[in-house]
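K.L.:
Here you go, this is input_11.cif (mmCIF, C-alpha atoms).
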data_structure
loop_
_atom_site.label_atom_id
_atom_site.label_comp_id
_atom_site.auth_asym_id
_atom_site.auth_seq_id
_atom_site.Cartn_x
_atom_site.Cartn_y
_atom_site.Cartn_z
CA MET A 1 -44.33 -50.41 -19.76
CA ALA A 2 -46.89 -51.76 -17.32
CA VAL A 3 -50.35 -52.96 -18.31
CA LYS A 4 -51.89 -49.95 -16.52
CA GLU A 5 -49.79 -47.53 -18.60
CA LEU A 6 -50.66 -49.45 -21.76
CA PHE A 7 -54.36 -49.10 -20.90
CA THR A 8 -53.81 -45.34 -20.37
CA PHE A 9 -52.35 -45.10 -23.90
CA ILE A 10 -55.37 -46.94 -25.32
CA LEU A 11 -57.78 -44.72 -23.36
CA SER A 12 -56.10 -41.56 -24.66
CA ASP A 13 -56.32 -42.86 -28.24
CA TYR A 14 -60.01 -43.70 -27.71
CA GLN A 15 -60.64 -40.19 -26.43
CA ARG A 16 -59.07 -38.69 -29.57
CA TYR A 17 -61.32 -40.80 -31.82
CA LYS A 18 -64.59 -40.49 -29.91
CA GLY A 19 -64.14 -37.14 -28.16
CA VAL A 20 -65.13 -38.55 -24.76
CA MET A 21 -63.40 -40.62 -22.12
CA GLY A 22 -64.51 -44.22 -21.91
CA GLY A 23 -63.91 -47.38 -19.95
CA VAL A 24 -63.18 -50.95 -20.92
CA LYS A 25 -66.81 -51.56 -21.91
CA ASN A 26 -66.85 -48.53 -24.23
CA ILE A 27 -63.57 -49.52 -25.88
CA VAL A 28 -64.61 -53.13 -26.46
CA THR A 29 -67.99 -52.00 -27.85
CA TYR A 30 -66.26 -49.51 -30.15
CA LEU A 31 -63.81 -52.17 -31.36
CA LEU A 32 -66.55 -54.68 -32.09
CA PHE A 33 -69.28 -52.41 -33.47
CA GLY A 34 -67.60 -49.05 -34.19
CA PHE A 35 -66.42 -49.94 -37.71
CA ASP A 36 -63.43 -47.62 -37.32
CA HIS A 37 -60.35 -49.38 -38.68
CA ARG A 38 -58.09 -46.50 -37.60
CA PHE A 39 -58.77 -46.95 -33.89
CA ASN A 40 -58.77 -50.71 -34.36
CA TYR A 41 -55.25 -50.49 -35.83
CA CYS A 42 -54.03 -48.20 -33.00
CA PHE A 43 -55.50 -50.55 -30.38
CA TRP A 44 -53.71 -53.64 -31.73
CA LEU A 45 -50.49 -51.65 -32.32
CA ARG A 46 -50.48 -50.60 -28.66
CA LEU A 47 -51.12 -54.16 -27.46
CA ALA A 48 -48.43 -55.57 -29.76
CA SER A 49 -45.85 -53.06 -28.54
CA GLN A 50 -45.24 -54.93 -25.29
CA LYS A 51 -45.58 -58.42 -23.86
CA ASN A 52 -48.95 -59.02 -22.20
CA LEU A 53 -51.68 -61.63 -22.04
CA LEU A 54 -52.92 -60.83 -25.56
CA PHE A 55 -49.43 -60.44 -27.09
CA PRO A 56 -49.59 -63.34 -29.62
CA LEU A 57 -53.06 -62.32 -30.78
CA ALA A 58 -51.99 -58.66 -30.89
CA ILE A 59 -49.01 -59.41 -33.14
CA TRP A 60 -51.22 -61.42 -35.49
CA MET A 61 -53.90 -58.68 -35.60
CA HIS A 62 -51.28 -55.95 -36.09
CA ARG A 63 -49.77 -57.80 -39.06
CA ARG A 64 -53.20 -58.55 -40.50
CA LEU A 65 -54.41 -54.95 -40.26
CA SER A 66 -51.08 -53.64 -41.60
CA LYS A 67 -51.49 -55.70 -44.78
CA LYS A 68 -55.19 -54.95 -45.10
CA TYR A 69 -54.93 -51.15 -44.85
CA GLY A 70 -51.39 -50.51 -46.05
CA ILE A 71 -50.27 -49.03 -42.74
CA GLN A 72 -46.69 -49.86 -41.74
CA ILE A 73 -46.00 -48.65 -38.22
CA PRO A 74 -43.51 -51.00 -36.51
CA ARG A 75 -44.19 -52.14 -32.97
CA ARG A 76 -40.92 -50.62 -31.73
CA CYS A 77 -41.91 -47.10 -32.84
CA LYS A 78 -42.25 -44.80 -29.79
CA ILE A 79 -45.66 -43.12 -29.91
CA GLY A 80 -47.05 -40.82 -27.22
CA TYR A 81 -50.56 -40.44 -25.83
CA GLY A 82 -53.51 -39.58 -28.07
CA PHE A 83 -52.22 -40.84 -31.42
CA TYR A 84 -54.76 -40.17 -34.19
CA ILE A 85 -54.78 -41.53 -37.74
CA GLY A 86 -56.98 -39.29 -39.91
CA HIS A 87 -57.39 -41.59 -42.91
CA GLY A 88 -55.88 -45.02 -42.38
CA ILE A 89 -54.31 -45.89 -45.71
CA GLY A 90 -50.82 -45.68 -47.20
CA ILE A 91 -48.82 -44.84 -44.06
CA VAL A 92 -45.15 -45.86 -43.69
CA ILE A 93 -43.22 -44.89 -40.54
CA ASN A 94 -39.63 -45.86 -39.68
CA GLY A 95 -39.30 -47.99 -36.54
CA GLY A 96 -36.90 -45.57 -34.85
CA THR A 97 -39.20 -42.58 -35.18
CA VAL A 98 -40.26 -40.86 -31.95
CA ILE A 99 -43.77 -39.40 -32.06
CA GLY A 100 -45.03 -37.10 -29.30
CA ASN A 101 -48.42 -36.74 -27.64
CA ASN A 102 -51.60 -35.75 -29.51
CA VAL A 103 -50.20 -36.17 -33.00
CA ASN A 104 -52.55 -36.34 -36.00
CA ILE A 105 -51.36 -38.06 -39.15
CA SER A 106 -53.11 -38.26 -42.51
CA GLN A 107 -53.09 -40.62 -45.47
CA PHE A 108 -50.05 -41.32 -47.65
CA LEU A 109 -47.52 -40.30 -45.00
CA THR A 110 -43.90 -41.43 -45.19
CA ILE A 111 -41.46 -40.96 -42.32
CA GLY A 112 -38.24 -42.64 -43.32
CA SER A 113 -34.50 -42.77 -42.96
CA ASN A 114 -31.68 -44.18 -45.07
CA LYS A 115 -28.90 -43.34 -42.62
CA GLY A 116 -30.48 -44.62 -39.41
CA THR A 117 -31.43 -41.20 -38.03
CA PRO A 118 -35.24 -41.03 -38.21
CA ALA A 119 -37.40 -38.03 -37.40
CA VAL A 120 -38.49 -36.80 -33.98
CA ILE A 121 -41.97 -35.30 -33.91
CA GLY A 122 -43.09 -33.09 -31.01
CA ASP A 123 -46.42 -32.80 -29.21
CA ASN A 124 -49.67 -31.48 -30.70
CA VAL A 125 -48.51 -31.84 -34.31
CA TYR A 126 -50.74 -32.12 -37.35
CA ILE A 127 -49.22 -33.79 -40.42
CA GLY A 128 -51.28 -33.38 -43.59
CA PRO A 129 -51.80 -35.85 -46.42
CA ASN A 130 -49.05 -36.94 -48.82
CA VAL A 131 -46.18 -35.71 -46.62
CA CYS A 132 -42.63 -37.10 -46.70
CA ILE A 133 -40.37 -36.58 -43.68
CA VAL A 134 -36.92 -37.93 -44.43
CA GLU A 135 -33.83 -38.37 -42.22
CA ASP A 136 -32.93 -36.41 -39.09
CA VAL A 137 -35.78 -33.88 -39.05
CA HIS A 138 -37.02 -32.52 -35.73
CA ILE A 139 -40.57 -31.19 -35.82
CA GLY A 140 -41.31 -28.83 -32.91
CA ASN A 141 -44.36 -28.77 -30.67
CA ASN A 142 -47.68 -27.39 -32.00
CA ALA A 143 -46.48 -27.70 -35.60
CA THR A 144 -48.63 -27.96 -38.70
CA ILE A 145 -47.18 -29.58 -41.81
CA GLY A 146 -49.28 -28.93 -44.88
CA ALA A 147 -50.34 -31.35 -47.58
CA GLY A 148 -47.66 -32.47 -50.01
CA SER A 149 -44.72 -31.19 -47.96
CA VAL A 150 -41.29 -32.76 -48.17
CA CYS A 151 -39.24 -32.18 -45.01
CA THR A 152 -35.60 -33.12 -45.44
CA ARG A 153 -33.60 -30.69 -43.32
CA ARG A 154 -33.09 -30.10 -39.63
CA SER A 155 -34.36 -26.53 -40.09
CA TYR A 156 -37.76 -27.52 -38.78
CA ARG A 157 -36.45 -27.76 -35.23
CA CYS A 158 -37.73 -25.36 -32.59
CA ARG A 159 -35.51 -24.82 -29.59
CA ARG A 160 -38.15 -23.25 -27.37
CA SER A 161 -41.09 -25.35 -26.23
CA GLY A 162 -44.55 -24.32 -27.27
CA GLU A 163 -43.48 -22.80 -30.59
CA SER A 164 -44.31 -24.15 -33.99
CA ASP A 165 -43.29 -24.26 -37.62
CA PHE A 166 -45.82 -24.03 -40.38
CA VAL A 167 -44.88 -25.70 -43.62
CA GLN A 168 -46.78 -25.35 -46.86
CA GLY A 169 -46.95 -27.80 -49.75
CA THR A 170 -43.56 -26.77 -51.14
CA GLY A 171 -41.83 -27.61 -47.88
CA LYS A 172 -40.85 -24.00 -47.16
CA ILE A 173 -41.36 -22.36 -43.81
CA TYR A 174 -43.84 -19.57 -44.34
CA LYS A 175 -44.23 -18.51 -40.73
CA ARG A 176 -41.19 -18.78 -38.52
CA PRO A 177 -41.53 -18.35 -34.77
CA LEU A 178 -39.09 -16.12 -32.92
CA ARG A 179 -35.71 -17.63 -32.03
CA CYS A 180 -36.23 -20.95 -33.80
#
Translate the structure of the given file into structure tokens.
P.N.:
Amino acid sequence: MAVKELFTFILSDYQRYKGVMGGVKNIVTYLLFGFDHRFNYCFWLRLASQKNLLFPLAIWMHRRLSKKYGIQIPRRCKIGYGFYIGHGIGIVINGGTVIGNNVNISQFLTIGSNKGTPAVIGDNVYIGPNVCIVEDVHIGNNATIGAGSVCTRRSYRCRRSGESDFVQGTGKIYKRPLRC
């Protein structure tokens, strides 16, 4: 990943947090005076995900913020554009997880795997608070996973793009798109 692409990832994250596009000056000002630990964490996670000029500082800041806020997102986790952390506390994500573009996650989220087959999450997904996604679960595009859901089966996969699964607190599908 080139530095220009890394900056594009950071810009897309900034846009999700602030609602407007910004430049380097806006991002630095927001980091220093914005008092938003969620964007701060995403910024240092992005910088620590690849070697660059700030790589040693980025690794140190990523570790520091991970301990401070209880967010465990490994640097090797593949995260798309516009990643948004709703409430930055109590988040654990497996390092092999693939997260799509414009994904919102909430507090007390666990995405894990015991067998080495972590989840794949599509684009434009909202994951509510206190959700557990375990093993080889594929979440389709435009999905909404409600608070307190436990997703353990591959049944959440959508074969057609643009379709979604809606999961309530019990983990059951209560609206199933056609041909999923």
K.L.:
Measure the distance from CA of His138 (chain A) to CA of Cys151 (chain A) in Å and round it to one decimal.
P.N.:
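One can read the CA of His138 (chain A) to CA of Cys151 (chain A) distance as 9.5 Å.
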K.L.:
Looking at only C-alpha atoms, which of A:Lys115, A:Phe108, A:Val103, A:Phe55 is the one that sits closest to Ala143 (chain A)?
P.N.:
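Of all the options, A:Val103 lies closest to Ala143 (chain A).
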K.L.:
The PyMOL selection byres ((chain A and resi 132) around 10) on the file shown: which residues, as a PDB file with C-alpha atoms, in the coordinates of the input?
P.N.:
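Written out: result-v6.pdb:
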ATOM      1  CA  VAL A  92     -45.150 -45.860 -43.690  1.00  0.00           C
ATOM      2  CA  ILE A  93     -43.220 -44.890 -40.540  1.00  0.00           C
ATOM      3  CA  PHE A 108     -50.050 -41.320 -47.650  1.00  0.00           C
ATOM      4  CA  LEU A 109     -47.520 -40.300 -45.000  1.00  0.00           C
ATOM      5  CA  THR A 110     -43.900 -41.430 -45.190  1.00  0.00           C
ATOM      6  CA  ILE A 111     -41.460 -40.960 -42.320  1.00  0.00           C
ATOM      7  CA  GLY A 112     -38.240 -42.640 -43.320  1.00  0.00           C
ATOM      8  CA  ILE A 127     -49.220 -33.790 -40.420  1.00  0.00           C
ATOM      9  CA  GLY A 128     -51.280 -33.380 -43.590  1.00  0.00           C
ATOM     10  CA  PRO A 129     -51.800 -35.850 -46.420  1.00  0.00           C
ATOM     11  CA  ASN A 130     -49.050 -36.940 -48.820  1.00  0.00           C
ATOM     12  CA  VAL A 131     -46.180 -35.710 -46.620  1.00  0.00           C
ATOM     13  CA  ILE A 133     -40.370 -36.580 -43.680  1.00  0.00           C
ATOM     14  CA  VAL A 134     -36.920 -37.930 -44.430  1.00  0.00           C
ATOM     15  CA  GLU A 135     -33.830 -38.370 -42.220  1.00  0.00           C
ATOM     16  CA  ALA A 147     -50.340 -31.350 -47.580  1.00  0.00           C
ATOM     17  CA  GLY A 148     -47.660 -32.470 -50.010  1.00  0.00           C
ATOM     18  CA  SER A 149     -44.720 -31.190 -47.960  1.00  0.00           C
ATOM     19  CA  VAL A 150     -41.290 -32.760 -48.170  1.00  0.00           C
ATOM     20  CA  CYS A 151     -39.240 -32.180 -45.010  1.00  0.00           C
ATOM     21  CA  THR A 152     -35.600 -33.120 -45.440  1.00  0.00           C
ATOM     22  CA  GLY A 171     -41.830 -27.610 -47.880  1.00  0.00           C
TER      23      GLY A 171
END
K.L.:
Could you tell me how far CA of Ser113 (chain A) sits from CA of Tyr17 (chain A), in Å to one decimal place?
P.N.:
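These atoms are spaced 29.1 Å apart.
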K.L.:
Of the residues A:His37, A:Asn102, A:Thr117, A:Arg46, which is the one nearest to Asn141 (chain A), using all atoms listed in the file?
P.N.:
A:Asn102
K.L.:
Up to 9 Å from (-55.0, -39.0, -28.3) in the file's coordinates: name the residues, counting all atoms listed in the file, as a compact mmCIF listing (two decimals) with C-alpha atoms, keeping the file's coordinate frame.
P.N.:
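Okay, point_22.txt is ready:
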# COMPACT_ATOMS: atom_id res chain seq x y z
CA PHE A 9 -52.35 -45.10 -23.90
CA ILE A 10 -55.37 -46.94 -25.32
CA LEU A 11 -57.78 -44.72 -23.36
CA SER A 12 -56.10 -41.56 -24.66
CA ASP A 13 -56.32 -42.86 -28.24
CA TYR A 14 -60.01 -43.70 -27.71
CA GLN A 15 -60.64 -40.19 -26.43
CA ARG A 16 -59.07 -38.69 -29.57
CA TYR A 17 -61.32 -40.80 -31.82
CA GLY A 80 -47.05 -40.82 -27.22
CA TYR A 81 -50.56 -40.44 -25.83
CA GLY A 82 -53.51 -39.58 -28.07
CA PHE A 83 -52.22 -40.84 -31.42
CA TYR A 84 -54.76 -40.17 -34.19
CA ASN A 101 -48.42 -36.74 -27.64
CA ASN A 102 -51.60 -35.75 -29.51
CA VAL A 103 -50.20 -36.17 -33.00
CA ASN A 104 -52.55 -36.34 -36.00
K.L.:
From the options A:Ala119, A:Ala2, A:Ile89, A:Val28, which residue's atoms come nearest to Tyr69 (chain A), counting all atoms listed in the file?
P.N.:
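Closest to Tyr69 (chain A) of all the choices is A:Ile89.
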K.L.:
When you draw a straight line from CA of Thr8 (chain A) to CA of Val98 (chain A), how long is it in Å?
P.N.:
18.4 Å
K.L.:
For a quick check of understanding, using all atoms listed in the file, which of A:Gly19, A:Pro74, A:Gly86, A:Gly96 has the smallest distance to Leu45 (chain A)?
P.N.:
A:Pro74
K.L.:
Using only C-alpha atoms, which of A:Leu31, A:Asn124, A:Asp36, A:Trp44 sits nearest Leu57 (chain A)?
P.N.:
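When distances to Leu57 (chain A) are compared using only C-alpha atoms, the smallest one comes from A:Trp44.
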